[in-house]
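J.: Below you'll find the structure I mean.
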Amino acid sequence: MSLRDALDKVRTAAIKDVLAAGSAAELTRVRVHYLGRKGELTLRLKELADLPEKERKAAGEAGNQVKVAIEKELSRREADFASTASAKIGETEWIDVTAPGTPVPEGHLHLTTQAIREITALFRRLGFTRVRYPEADYDWYAFEALNMPPDHPARDEWETFFVDLPPGEKGKVVLTPHTSNGQIHELERKELPIRMINISKCYRRQSDVSHVPMFHQFEGLVIDKGISVTHLKGVLDHFAKAYFGADRRTRLRPFHFRFTEPSFEVDISCDICGGTGLLAGGAVCRLCKQGWVELGGAGMVHPNVLKATGVDPEQWGGFAFGWGVERTFMMKAGVKIDDLRVLYKNDLHFLHQF
Ligand code: PHE
């Protein structure tokens, strides 16, 4: 067989194989089979070197034509396979863009912050505005204007941190041991009437299972004309029902604070025994023992407090209350934790539960 015939045979066979190839991968195999380094056409073309000089040129051209023809057919089919593959991409690489994504693990607000926000929102609905005053404040605001003259023994109850600064006109600087300093700041603004809720950090020299040296209080102050204890009771009852549940009641128990007169401790009916102090079988309630649990202090603003801030007690009057945020929150959550300090240990096992 002449080289020419042999080349024609290779061309026919190659094109047949190209057309028969069912995938891009098969096409690649065909390409290697004919055009690869040891491919059929490649080997034929190598034989050209053995031809006599005068035949070599023509045969070379013929060989080249065969190569071009096979190449052409190969690339046409390759292009076919490539376009079907991209046409099918919608099926092979389909994703549902409406499917919900993978959620990123989220943290949440600290439970004290949650409680502060809830308390703020609740009082806002009653027309109270949240205010903020310094947490390092002068003695005047923390004690003196609250009817606690210097060296008065009542001050001992607020185990105060004093800041090592030279005293100013308004006395020494203290870390606020309660939020009642907000009452004085608010009264001094002389924008009456007042309905404020002051929520802030408080500091006392105490650290044990039921006390932390930094905690939070929320303090309400209402100053207007014709305000009586019944208004106070109404606000406290509303808070108790809205925050703790519709079946809860409050009671005012006589107490003593220098800045309110009369003064009360506010109790709320116990959730466990429903305020009876007794469990179903007649046993004494272990949580409260007598039907009530203590929430915090309250009272009618003392005339001396109004006088100290230049507000006329003949015209204006009102009530105030101040409770611990953490304590109130814990009572709502129904958790009895045996050590309050866990709140600020940043132990996620604990915090994640709220
Ligand atoms: N400031 C008081 C305390 O820390 C609470 C209180 C506030 C009492 C307002 C009466 C009125 O215990």
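The chains in the structure tokens are called A, B, ... from first to last as shown; in each chain the residues are counted from 1, and the ligands are counted from 1 in the order shown.
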Excluding same-chain residues fewer than 3 positions from stretch 310-327 of chain A, what lies within 9 Å of it counting only C-alpha atoms, as a ChimeraX atom specification?
T.: /A:111-112,115-116,119,178-180,183,187-188,190,192-194,199,215-229,231-232,236,260,266,295-307,330-332,340,343
J.: Can I get the selection written as a compact mmCIF listing (two decimals), in the first residue's frame, with C-alpha atoms?
T.:
```txt
# COMPACT_ATOMS: atom_id res chain seq x y z
CA LEU A 111 -29.44 39.07 80.93
CA THR A 112 -29.03 42.31 82.85
CA ALA A 115 -33.92 43.11 81.90
CA ILE A 116 -33.00 46.81 81.63
CA ILE A 119 -38.10 47.45 82.40
CA HIS A 178 -27.81 53.61 94.70
CA THR A 179 -29.69 55.30 91.86
CA SER A 180 -31.36 57.84 94.16
CA GLN A 183 -33.70 62.08 91.97
CA LEU A 187 -35.18 67.81 90.61
CA GLU A 188 -32.38 70.32 90.12
CA LYS A 190 -36.51 72.29 87.63
CA LEU A 192 -41.70 69.89 86.55
CA PRO A 193 -43.70 67.66 86.53
CA ILE A 194 -41.28 64.67 86.52
CA ILE A 199 -31.33 52.82 85.54
CA PHE A 215 -25.02 45.77 90.39
CA HIS A 216 -27.87 47.73 88.83
CA GLN A 217 -30.86 49.55 90.18
CA PHE A 218 -33.84 51.15 88.54
CA GLU A 219 -35.24 54.19 90.25
CA GLY A 220 -38.59 55.76 89.55
CA LEU A 221 -39.46 59.34 90.48
CA VAL A 222 -42.82 61.02 89.98
CA ILE A 223 -43.24 64.67 90.99
CA ASP A 224 -46.49 66.43 90.30
CA LYS A 225 -49.41 68.07 92.07
CA GLY A 226 -51.78 65.97 94.13
CA ILE A 227 -49.77 62.75 94.09
CA SER A 228 -50.58 60.26 96.84
CA VAL A 229 -49.59 56.80 98.03
CA HIS A 231 -50.54 56.48 92.77
CA LEU A 232 -47.41 54.75 94.02
CA LEU A 236 -46.10 49.22 91.58
CA THR A 260 -38.98 59.33 101.76
CA VAL A 266 -42.34 46.64 98.58
CA LEU A 295 -38.59 43.57 95.98
CA GLY A 296 -37.11 46.88 97.13
CA GLY A 297 -37.67 50.30 98.67
CA ALA A 298 -40.19 53.04 97.95
CA GLY A 299 -41.92 56.01 99.54
CA MET A 300 -43.29 59.51 99.24
CA VAL A 301 -40.52 62.03 98.50
CA HIS A 302 -39.45 63.74 101.74
CA PRO A 303 -40.10 67.53 101.84
CA ASN A 304 -36.46 68.07 102.78
CA VAL A 305 -35.38 66.53 99.48
CA LEU A 306 -37.60 68.97 97.60
CA LYS A 307 -36.32 71.88 99.70
CA MET A 330 -33.92 36.56 88.91
CA MET A 331 -37.29 36.56 90.60
CA LYS A 332 -39.03 36.66 87.26
CA LEU A 340 -25.38 35.91 92.62
CA LEU A 343 -24.07 36.76 86.81
```
J.: I need the residues in stretch 20-233 of chain A that are helix (DSSP H, G or I) according to DSSP; give them as a ChimeraX atom specification.
T.: /A:20,24-35,40-50,53-87,89-92,111-124,139-142,144-146,153-157,181-188,229-233
J.: I'd like to know which of A:Ile268, A:Gly245, A:Tyr141, A:Ala280 is closest to ligand 1, using only C-alpha atoms and all ligand atoms.
T.: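 When distances to ligand 1 are compared using only C-alpha atoms and all ligand atoms, the smallest one comes from A:Tyr141.
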J.: Just the residues within 12 Å of A:Val32, please, counting only C-alpha atoms, with nothing from its chain fewer than 3 positions along; format it as JSON, numbers by chain.
T.: {"A": [14, 17, 18, 25, 26, 27, 28, 29, 35, 36, 37, 38, 39, 40, 41, 42, 70, 71, 74]}
J.: Please write the residues from the selection above to a file, keeping N, CA and C atoms, as a JSON list (two decimals), in the first residue's frame.
T.:
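again.json, freshly written:
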```
[["chain", "number", "residue", "atom", "x", "y", "z"],
["A", 14, "ALA", "N", -9.87, 7.77, 11.48],
["A", 14, "ALA", "CA", -9.87, 8.80, 12.53],
["A", 14, "ALA", "C", -11.19, 9.54, 12.56],
["A", 17, "ASP", "N", -13.86, 7.49, 14.05],
["A", 17, "ASP", "CA", -13.75, 7.43, 15.52],
["A", 17, "ASP", "C", -14.21, 8.74, 16.18],
["A", 18, "VAL", "N", -13.85, 9.84, 15.54],
["A", 18, "VAL", "CA", -14.26, 11.14, 16.10],
["A", 18, "VAL", "C", -15.77, 11.20, 16.19],
["A", 25, "ALA", "N", -14.21, 13.16, 26.89],
["A", 25, "ALA", "CA", -13.10, 12.31, 27.32],
["A", 25, "ALA", "C", -12.73, 11.31, 26.24],
["A", 26, "GLU", "N", -13.78, 10.75, 25.58],
["A", 26, "GLU", "CA", -13.49, 9.80, 24.49],
["A", 26, "GLU", "C", -12.78, 10.51, 23.34],
["A", 27, "LEU", "N", -13.19, 11.74, 23.08],
["A", 27, "LEU", "CA", -12.55, 12.52, 22.02],
["A", 27, "LEU", "C", -11.06, 12.69, 22.29],
["A", 28, "THR", "N", -10.75, 12.94, 23.54],
["A", 28, "THR", "CA", -9.34, 13.11, 23.90],
["A", 28, "THR", "C", -8.56, 11.82, 23.61],
["A", 29, "ARG", "N", -9.22, 10.69, 23.93],
["A", 29, "ARG", "CA", -8.54, 9.42, 23.63],
["A", 29, "ARG", "C", -8.30, 9.26, 22.12],
["A", 35, "LEU", "N", -3.09, 11.49, 16.87],
["A", 35, "LEU", "CA", -2.16, 12.61, 16.76],
["A", 35, "LEU", "C", -1.11, 12.67, 17.87],
["A", 36, "GLY", "N", -1.24, 11.77, 18.84],
["A", 36, "GLY", "CA", -0.29, 11.78, 19.96],
["A", 36, "GLY", "C", 1.12, 11.45, 19.50],
["A", 37, "ARG", "N", 2.07, 11.45, 20.41],
["A", 37, "ARG", "CA", 3.47, 11.25, 20.04],
["A", 37, "ARG", "C", 3.71, 9.90, 19.36],
["A", 38, "LYS", "N", 2.93, 8.89, 19.82],
["A", 38, "LYS", "CA", 3.04, 7.61, 19.15],
["A", 38, "LYS", "C", 1.76, 7.28, 18.41],
["A", 39, "GLY", "N", 1.03, 8.31, 18.02],
["A", 39, "GLY", "CA", -0.25, 8.13, 17.34],
["A", 39, "GLY", "C", -0.06, 7.59, 15.93],
["A", 40, "GLU", "N", -1.17, 7.06, 15.39],
["A", 40, "GLU", "CA", -1.09, 6.42, 14.07],
["A", 40, "GLU", "C", -0.61, 7.37, 12.99],
["A", 41, "LEU", "N", -1.17, 8.58, 12.96],
["A", 41, "LEU", "CA", -0.75, 9.53, 11.93],
["A", 41, "LEU", "C", 0.70, 9.97, 12.15],
["A", 42, "THR", "N", 1.03, 10.21, 13.39],
["A", 42, "THR", "CA", 2.39, 10.63, 13.71],
["A", 42, "THR", "C", 3.42, 9.61, 13.19],
["A", 70, "ILE", "N", -8.21, 15.92, 10.29],
["A", 70, "ILE", "CA", -8.56, 15.26, 11.57],
["A", 70, "ILE", "C", -8.71, 16.32, 12.68],
["A", 71, "GLU", "N", -7.75, 17.24, 12.73],
["A", 71, "GLU", "CA", -7.79, 18.33, 13.72],
["A", 71, "GLU", "C", -9.12, 19.07, 13.65],
["A", 74, "LEU", "N", -11.93, 17.03, 14.97],
["A", 74, "LEU", "CA", -11.81, 16.93, 16.44],
["A", 74, "LEU", "C", -12.29, 18.21, 17.12]]
```
J.: If DSSP is run on the backbone, what residues of stretch 126-219 of chain A are strand (DSSP E)? A reply as a PyMOL selection string would be ideal.
T.: chain A and resi 129-131+136-138+161-162+173-175+194-203+214-219
J.: Pick out the residues sitting within 6 Å of A:Leu175, and hand them over as a PyMOL selection string; count only C-alpha atoms, and ignore anything fewer than 5 positions along from it in its own chain.
T.: chain A and resi 135-136+161+203
J.: Can you tell me which residues surround A:Asp267 at a distance of at most 6 Å, considering only C-alpha atoms, apart from same-chain residues fewer than 4 positions away, and format the answer as a list in words?
T.: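 The neighbour list is Thr250, Arg251, Trp292, Val293, Glu294 and Leu295 of chain A.
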J.: Which residues, written as an mmCIF file with all heavy atoms, in the first residue's frame, have at least one atom at most 12 Å from A:Pro149, with only C-alpha atoms counted and residues fewer than 3 positions away on the same chain left out?
T.:
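Generated file (result-v2.cif):
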```cif
data_model
loop_
_atom_site.group_PDB
_atom_site.id
_atom_site.type_symbol
_atom_site.label_atom_id
_atom_site.label_comp_id
_atom_site.auth_asym_id
_atom_site.auth_seq_id
_atom_site.Cartn_x
_atom_site.Cartn_y
_atom_site.Cartn_z
ATOM 1 N N ASP A 139 -21.017 63.635 96.812
ATOM 2 C CA ASP A 139 -21.705 63.291 98.048
ATOM 3 C C ASP A 139 -23.085 63.942 98.131
ATOM 4 O O ASP A 139 -24.060 63.343 98.561
ATOM 5 C CB ASP A 139 -20.810 63.741 99.216
ATOM 6 C CG ASP A 139 -21.385 63.351 100.556
ATOM 7 O OD1 ASP A 139 -22.369 63.992 100.981
ATOM 8 O OD2 ASP A 139 -20.874 62.396 101.168
ATOM 9 N N TRP A 140 -23.151 65.194 97.669
ATOM 10 C CA TRP A 140 -24.419 65.935 97.690
ATOM 11 C C TRP A 140 -25.544 65.134 97.034
ATOM 12 O O TRP A 140 -26.633 65.026 97.568
ATOM 13 C CB TRP A 140 -24.220 67.276 96.972
ATOM 14 C CG TRP A 140 -25.488 68.035 96.672
ATOM 15 C CD1 TRP A 140 -26.115 68.116 95.468
ATOM 16 C CD2 TRP A 140 -26.269 68.817 97.586
ATOM 17 N NE1 TRP A 140 -27.238 68.887 95.560
ATOM 18 C CE2 TRP A 140 -27.360 69.342 96.859
ATOM 19 C CE3 TRP A 140 -26.151 69.119 98.953
ATOM 20 C CZ2 TRP A 140 -28.335 70.148 97.428
ATOM 21 C CZ3 TRP A 140 -27.126 69.937 99.520
ATOM 22 C CH2 TRP A 140 -28.200 70.437 98.767
ATOM 23 N N TYR A 141 -25.252 64.548 95.868
ATOM 24 C CA TYR A 141 -26.290 63.827 95.116
ATOM 25 C C TYR A 141 -26.559 62.441 95.715
ATOM 26 O O TYR A 141 -27.706 61.982 95.737
ATOM 27 C CB TYR A 141 -25.878 63.686 93.650
ATOM 28 C CG TYR A 141 -25.808 65.027 92.965
ATOM 29 C CD1 TYR A 141 -24.591 65.678 92.778
ATOM 30 C CD2 TYR A 141 -26.978 65.651 92.549
ATOM 31 C CE1 TYR A 141 -24.543 66.916 92.172
ATOM 32 C CE2 TYR A 141 -26.934 66.895 91.945
ATOM 33 C CZ TYR A 141 -25.713 67.525 91.760
ATOM 34 O OH TYR A 141 -25.673 68.757 91.175
ATOM 35 N N ALA A 142 -25.490 61.815 96.169
ATOM 36 C CA ALA A 142 -25.652 60.442 96.675
ATOM 37 C C ALA A 142 -26.251 60.417 98.076
ATOM 38 O O ALA A 142 -26.940 59.460 98.440
ATOM 39 C CB ALA A 142 -24.302 59.721 96.659
ATOM 40 N N PHE A 143 -25.979 61.478 98.877
ATOM 41 C CA PHE A 143 -26.416 61.456 100.279
ATOM 42 C C PHE A 143 -27.044 62.758 100.776
ATOM 43 O O PHE A 143 -28.173 62.771 101.239
ATOM 44 C CB PHE A 143 -25.228 61.119 101.202
ATOM 45 C CG PHE A 143 -24.712 59.725 101.031
ATOM 46 C CD1 PHE A 143 -23.438 59.488 100.531
ATOM 47 C CD2 PHE A 143 -25.494 58.631 101.388
ATOM 48 C CE1 PHE A 143 -22.959 58.194 100.377
ATOM 49 C CE2 PHE A 143 -25.024 57.340 101.240
ATOM 50 C CZ PHE A 143 -23.749 57.119 100.736
ATOM 51 N N GLU A 144 -26.274 63.820 100.715
ATOM 52 C CA GLU A 144 -26.650 65.007 101.476
ATOM 53 C C GLU A 144 -28.012 65.572 101.090
ATOM 54 O O GLU A 144 -28.873 65.808 101.944
ATOM 55 C CB GLU A 144 -25.565 66.084 101.366
ATOM 56 C CG GLU A 144 -25.758 67.142 102.446
ATOM 57 C CD GLU A 144 -24.568 68.066 102.624
ATOM 58 O OE1 GLU A 144 -23.477 67.741 102.103
ATOM 59 O OE2 GLU A 144 -24.754 69.108 103.277
ATOM 60 N N ALA A 145 -28.227 65.777 99.792
ATOM 61 C CA ALA A 145 -29.522 66.323 99.364
ATOM 62 C C ALA A 145 -30.648 65.321 99.566
ATOM 63 O O ALA A 145 -31.821 65.671 99.522
ATOM 64 C CB ALA A 145 -29.438 66.746 97.897
ATOM 65 N N LEU A 146 -30.269 64.065 99.792
ATOM 66 C CA LEU A 146 -31.272 63.033 100.075
ATOM 67 C C LEU A 146 -31.558 62.969 101.581
ATOM 68 O O LEU A 146 -31.900 61.908 102.114
ATOM 69 C CB LEU A 146 -30.800 61.671 99.555
ATOM 70 C CG LEU A 146 -30.845 61.503 98.030
ATOM 71 C CD1 LEU A 146 -29.995 60.310 97.589
ATOM 72 C CD2 LEU A 146 -32.272 61.337 97.536
ATOM 73 N N HIS A 152 -24.170 61.350 109.111
ATOM 74 C CA HIS A 152 -25.409 60.727 109.592
ATOM 75 C C HIS A 152 -25.266 59.204 109.532
ATOM 76 O O HIS A 152 -24.836 58.659 108.517
ATOM 77 C CB HIS A 152 -26.611 61.176 108.762
ATOM 78 C CG HIS A 152 -27.904 60.852 109.444
ATOM 79 N ND1 HIS A 152 -28.419 59.573 109.483
ATOM 80 C CD2 HIS A 152 -28.760 61.629 110.149
ATOM 81 C CE1 HIS A 152 -29.545 59.583 110.175
ATOM 82 N NE2 HIS A 152 -29.771 60.828 110.597
ATOM 83 N N PRO A 153 -25.630 58.511 110.624
ATOM 84 C CA PRO A 153 -25.420 57.057 110.653
ATOM 85 C C PRO A 153 -26.184 56.295 109.568
ATOM 86 O O PRO A 153 -25.775 55.202 109.185
ATOM 87 C CB PRO A 153 -25.913 56.646 112.045
ATOM 88 C CG PRO A 153 -26.636 57.827 112.606
ATOM 89 C CD PRO A 153 -26.123 59.036 111.898
ATOM 90 N N ALA A 154 -27.278 56.899 109.046
ATOM 91 C CA ALA A 154 -28.045 56.190 108.006
ATOM 92 C C ALA A 154 -27.176 55.874 106.796
ATOM 93 O O ALA A 154 -27.406 54.900 106.083
ATOM 94 C CB ALA A 154 -29.244 57.025 107.567
ATOM 95 N N ARG A 155 -26.158 56.688 106.593
ATOM 96 C CA ARG A 155 -25.269 56.473 105.439
ATOM 97 C C ARG A 155 -24.565 55.121 105.483
ATOM 98 O O ARG A 155 -24.168 54.600 104.435
ATOM 99 C CB ARG A 155 -24.194 57.561 105.411
ATOM 100 C CG ARG A 155 -24.735 58.923 105.061
ATOM 101 C CD ARG A 155 -23.637 59.947 105.198
ATOM 102 N NE ARG A 155 -24.031 61.222 104.618
ATOM 103 C CZ ARG A 155 -23.237 61.953 103.868
ATOM 104 N NH1 ARG A 155 -22.016 61.546 103.619
ATOM 105 N NH2 ARG A 155 -23.650 63.092 103.375
ATOM 106 N N GLY A 171 -18.893 68.210 97.683
ATOM 107 C CA GLY A 171 -18.423 67.142 98.548
ATOM 108 C C GLY A 171 -17.496 66.159 97.863
ATOM 109 O O GLY A 171 -16.987 66.405 96.769
ATOM 110 N N ARG A 258 -34.344 57.896 104.760
ATOM 111 C CA ARG A 258 -34.249 59.312 105.098
ATOM 112 C C ARG A 258 -34.899 60.205 104.036
ATOM 113 O O ARG A 258 -35.303 61.325 104.320
ATOM 114 C CB ARG A 258 -32.765 59.718 105.226
ATOM 115 C CG ARG A 258 -32.045 59.135 106.407
ATOM 116 C CD ARG A 258 -32.347 59.847 107.703
ATOM 117 N NE ARG A 258 -32.012 61.270 107.638
ATOM 118 C CZ ARG A 258 -32.296 62.139 108.593
ATOM 119 N NH1 ARG A 258 -32.916 61.737 109.701
ATOM 120 N NH2 ARG A 258 -31.969 63.422 108.468
ATOM 121 N N PHE A 259 -34.964 59.697 102.823
ATOM 122 C CA PHE A 259 -35.400 60.572 101.724
ATOM 123 C C PHE A 259 -36.851 60.355 101.315
ATOM 124 O O PHE A 259 -37.321 60.949 100.350
ATOM 125 C CB PHE A 259 -34.462 60.413 100.511
ATOM 126 C CG PHE A 259 -33.967 58.999 100.317
ATOM 127 C CD1 PHE A 259 -34.658 58.120 99.509
ATOM 128 C CD2 PHE A 259 -32.829 58.566 100.985
ATOM 129 C CE1 PHE A 259 -34.196 56.817 99.353
ATOM 130 C CE2 PHE A 259 -32.366 57.256 100.832
ATOM 131 C CZ PHE A 259 -33.054 56.380 100.018
ATOM 132 N N ASN A 304 -37.835 67.555 102.713
ATOM 133 C CA ASN A 304 -36.456 68.065 102.776
ATOM 134 C C ASN A 304 -35.695 67.852 101.471
ATOM 135 O O ASN A 304 -34.792 68.620 101.140
ATOM 136 C CB ASN A 304 -35.675 67.394 103.921
ATOM 137 C CG ASN A 304 -36.122 67.910 105.274
ATOM 138 O OD1 ASN A 304 -36.920 68.861 105.342
ATOM 139 N ND2 ASN A 304 -35.621 67.295 106.338
ATOM 140 N N VAL A 305 -36.035 66.791 100.772
ATOM 141 C CA VAL A 305 -35.384 66.531 99.478
ATOM 142 C C VAL A 305 -35.811 67.603 98.481
ATOM 143 O O VAL A 305 -34.990 68.163 97.744
ATOM 144 C CB VAL A 305 -35.743 65.112 98.962
ATOM 145 C CG1 VAL A 305 -35.222 64.907 97.540
ATOM 146 C CG2 VAL A 305 -35.192 64.043 99.897
ATOM 147 N N ALA A 308 -34.131 70.896 99.427
ATOM 148 C CA ALA A 308 -32.702 70.913 99.089
ATOM 149 C C ALA A 308 -32.476 71.244 97.625
ATOM 150 O O ALA A 308 -31.430 71.768 97.250
ATOM 151 C CB ALA A 308 -32.066 69.557 99.413
#
```
J.: Measuring between only C-alpha atoms, which one of A:Pro213, A:Gly60, A:Gly168, A:Gly277 shows the shortest distance to A:Tyr344?
T.: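 Among A:Pro213, A:Gly60, A:Gly168, A:Gly277, it is A:Pro213 that comes nearest to A:Tyr344.
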J.: Return the single residue from A:Thr120, A:Gln65, A:Ser23, A:Gln290 that is closest to A:Leu7, with distances computed using only C-alpha atoms.
T.: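 Under the stated criterion, the closest residue is A:Gln65.
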J.: Of the residues A:Phe354, A:Ser210, A:Ser200, A:Lys289, which is the one nearest to ligand 1, using only C-alpha atoms and all ligand atoms?
T.: A:Ser200
J.: Measuring between only C-alpha atoms and all ligand atoms, which one of A:Glu157, A:Met196, A:Gly282, A:Asp339 shows the shortest distance to ligand 1?
T.: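 Closest to ligand 1 of all the choices is A:Glu157.
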J.: State, in Å with one decimal place, the distance from atom CA of A:Thr276 to atom CA of A:Val209.
T.: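 Distance between the two atoms: 27.5 Å.
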J.: Between A:Ala69, A:Ala13, A:Leu122, A:Ala20, which one has atoms that come closest to A:Lys241, using only C-alpha atoms?
T.: A:Leu122
J.: Could you name the residues that touch stretch 345-348 of chain A at 12 Å or less, counting only C-alpha atoms, but leaving out those on the same chain fewer than 3 positions away, as a list in words?
T.: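 The neighbour list is Gly107, His108, Leu109, His110, Leu111, Val212, Asp339, Leu340, Arg341, Val342, Leu351, His352, Gln353 and Phe354 of chain A.
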J.: Could you please take those selected residues and save all heavy atoms as a CSV table (one decimal), in the first residue's frame?
T.:
```
chain,number,residue,atom,x,y,z
A,107,GLY,N,-24.7,35.3,69.4
A,107,GLY,CA,-24.8,35.5,70.9
A,107,GLY,C,-26.1,36.2,71.2
A,107,GLY,O,-27.0,36.3,70.4
A,108,HIS,N,-26.2,36.6,72.5
A,108,HIS,CA,-27.4,37.4,72.8
A,108,HIS,C,-27.0,38.4,73.9
A,108,HIS,O,-25.9,38.3,74.5
A,108,HIS,CB,-28.5,36.6,73.3
A,108,HIS,CG,-28.3,35.8,74.5
A,108,HIS,ND1,-28.2,36.3,75.7
A,108,HIS,CD2,-28.1,34.4,74.7
A,108,HIS,CE1,-28.0,35.4,76.6
A,108,HIS,NE2,-27.9,34.2,76.0
A,109,LEU,N,-27.8,39.3,74.2
A,109,LEU,CA,-27.5,40.4,75.2
A,109,LEU,C,-27.4,39.7,76.5
A,109,LEU,O,-28.1,38.7,76.8
A,109,LEU,CB,-28.6,41.4,75.2
A,109,LEU,CG,-28.7,42.2,73.9
A,109,LEU,CD1,-30.0,43.1,73.9
A,109,LEU,CD2,-27.5,43.1,73.7
A,110,HIS,N,-26.6,40.3,77.4
A,110,HIS,CA,-26.5,39.8,78.7
A,110,HIS,C,-27.8,40.0,79.4
A,110,HIS,O,-28.6,40.9,79.1
A,110,HIS,CB,-25.4,40.7,79.5
A,110,HIS,CG,-25.1,40.1,80.8
A,110,HIS,ND1,-25.8,40.5,82.0
A,110,HIS,CD2,-24.1,39.3,81.2
A,110,HIS,CE1,-25.2,39.8,83.0
A,110,HIS,NE2,-24.2,39.1,82.6
A,111,LEU,N,-28.1,39.1,80.4
A,111,LEU,CA,-29.4,39.1,80.9
A,111,LEU,C,-29.8,40.4,81.7
A,111,LEU,O,-30.9,40.8,81.7
A,111,LEU,CB,-29.7,37.8,81.8
A,111,LEU,CG,-28.6,37.4,82.8
A,111,LEU,CD1,-29.0,37.8,84.1
A,111,LEU,CD2,-28.3,36.0,82.6
A,212,VAL,N,-23.1,41.5,94.9
A,212,VAL,CA,-22.0,41.7,94.1
A,212,VAL,C,-21.6,43.2,94.2
A,212,VAL,O,-22.4,44.0,94.5
A,212,VAL,CB,-22.2,41.4,92.6
A,212,VAL,CG1,-22.1,39.9,92.3
A,212,VAL,CG2,-23.6,41.9,92.1
A,339,ASP,N,-25.5,31.6,94.1
A,339,ASP,CA,-24.5,32.6,94.2
A,339,ASP,C,-24.7,33.6,93.1
A,339,ASP,O,-24.5,33.4,92.0
A,339,ASP,CB,-23.1,31.9,94.0
A,339,ASP,CG,-21.9,32.8,94.4
A,339,ASP,OD1,-22.2,34.1,94.4
A,339,ASP,OD2,-20.8,32.3,94.6
A,340,LEU,N,-25.1,34.8,93.6
A,340,LEU,CA,-25.4,35.9,92.6
A,340,LEU,C,-24.2,36.3,91.8
A,340,LEU,O,-24.3,36.9,90.7
A,340,LEU,CB,-25.9,37.1,93.4
A,340,LEU,CG,-26.7,38.1,92.6
A,340,LEU,CD1,-28.1,37.6,92.3
A,340,LEU,CD2,-26.8,39.4,93.4
A,341,ARG,N,-23.0,36.0,92.2
A,341,ARG,CA,-21.8,36.5,91.5
A,341,ARG,C,-21.6,35.8,90.2
A,341,ARG,O,-20.9,36.3,89.3
A,341,ARG,CB,-20.5,36.2,92.4
A,341,ARG,CG,-20.5,37.1,93.6
A,341,ARG,CD,-19.4,36.8,94.6
A,341,ARG,NE,-19.7,35.5,95.3
A,341,ARG,CZ,-19.1,35.1,96.4
A,341,ARG,NH1,-18.2,35.8,96.9
A,341,ARG,NH2,-19.4,33.9,96.9
A,342,VAL,N,-22.4,34.7,90.0
A,342,VAL,CA,-22.3,34.0,88.7
A,342,VAL,C,-22.7,34.8,87.5
A,342,VAL,O,-22.3,34.7,86.4
A,342,VAL,CB,-23.1,32.6,88.8
A,342,VAL,CG1,-24.6,32.9,88.8
A,342,VAL,CG2,-22.7,31.7,87.6
A,351,LEU,N,-24.9,31.8,81.2
A,351,LEU,CA,-25.6,32.9,80.4
A,351,LEU,C,-26.4,32.4,79.3
A,351,LEU,O,-27.5,33.0,79.0
A,351,LEU,CB,-24.5,33.9,79.9
A,351,LEU,CG,-23.7,34.6,81.0
A,351,LEU,CD1,-22.6,35.5,80.4
A,351,LEU,CD2,-24.7,35.5,81.9
A,352,HIS,N,-26.0,31.3,78.6
A,352,HIS,CA,-26.8,30.9,77.5
A,352,HIS,C,-28.2,30.4,77.8
A,352,HIS,O,-29.0,30.2,76.9
A,352,HIS,CB,-26.0,29.7,76.8
A,352,HIS,CG,-25.0,30.1,75.8
A,352,HIS,ND1,-25.2,31.3,75.0
A,352,HIS,CD2,-23.8,29.6,75.4
A,352,HIS,CE1,-24.2,31.4,74.2
A,352,HIS,NE2,-23.3,30.5,74.5
A,353,GLN,N,-28.4,30.2,79.1
A,353,GLN,CA,-29.8,29.7,79.5
A,353,GLN,C,-30.8,30.8,79.4
A,353,GLN,O,-32.0,30.5,79.6
A,353,GLN,CB,-29.7,29.1,80.9
A,353,GLN,CG,-28.8,28.0,81.0
A,353,GLN,CD,-28.6,27.5,82.4
A,353,GLN,OE1,-29.6,27.4,83.1
A,353,GLN,NE2,-27.4,27.4,82.8
A,354,PHE,N,-30.4,32.1,79.2
A,354,PHE,CA,-31.4,33.2,79.3
A,354,PHE,C,-31.6,33.9,78.0
A,354,PHE,O,-30.7,34.0,77.2
A,354,PHE,CB,-31.0,34.2,80.4
A,354,PHE,CG,-30.8,33.6,81.7
A,354,PHE,CD1,-29.6,33.1,82.2
A,354,PHE,CD2,-32.0,33.4,82.5
A,354,PHE,CE1,-29.5,32.5,83.4
A,354,PHE,CE2,-31.9,32.8,83.8
A,354,PHE,CZ,-30.7,32.3,84.2
```
J.: Just to confirm, what's the straight-line distance from atom CA of A:Thr113 to atom CA of A:Arg195 in Å (one decimal)?
T.: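 It comes out at 21.8 Å.
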J.: Report, in Å with one decimal, the straight-line distance from atom CA of A:Lys201 to atom CA of A:Tyr133.
T.: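 For atom CA of A:Lys201 relative to atom CA of A:Tyr133, the distance reads 10.1 Å.
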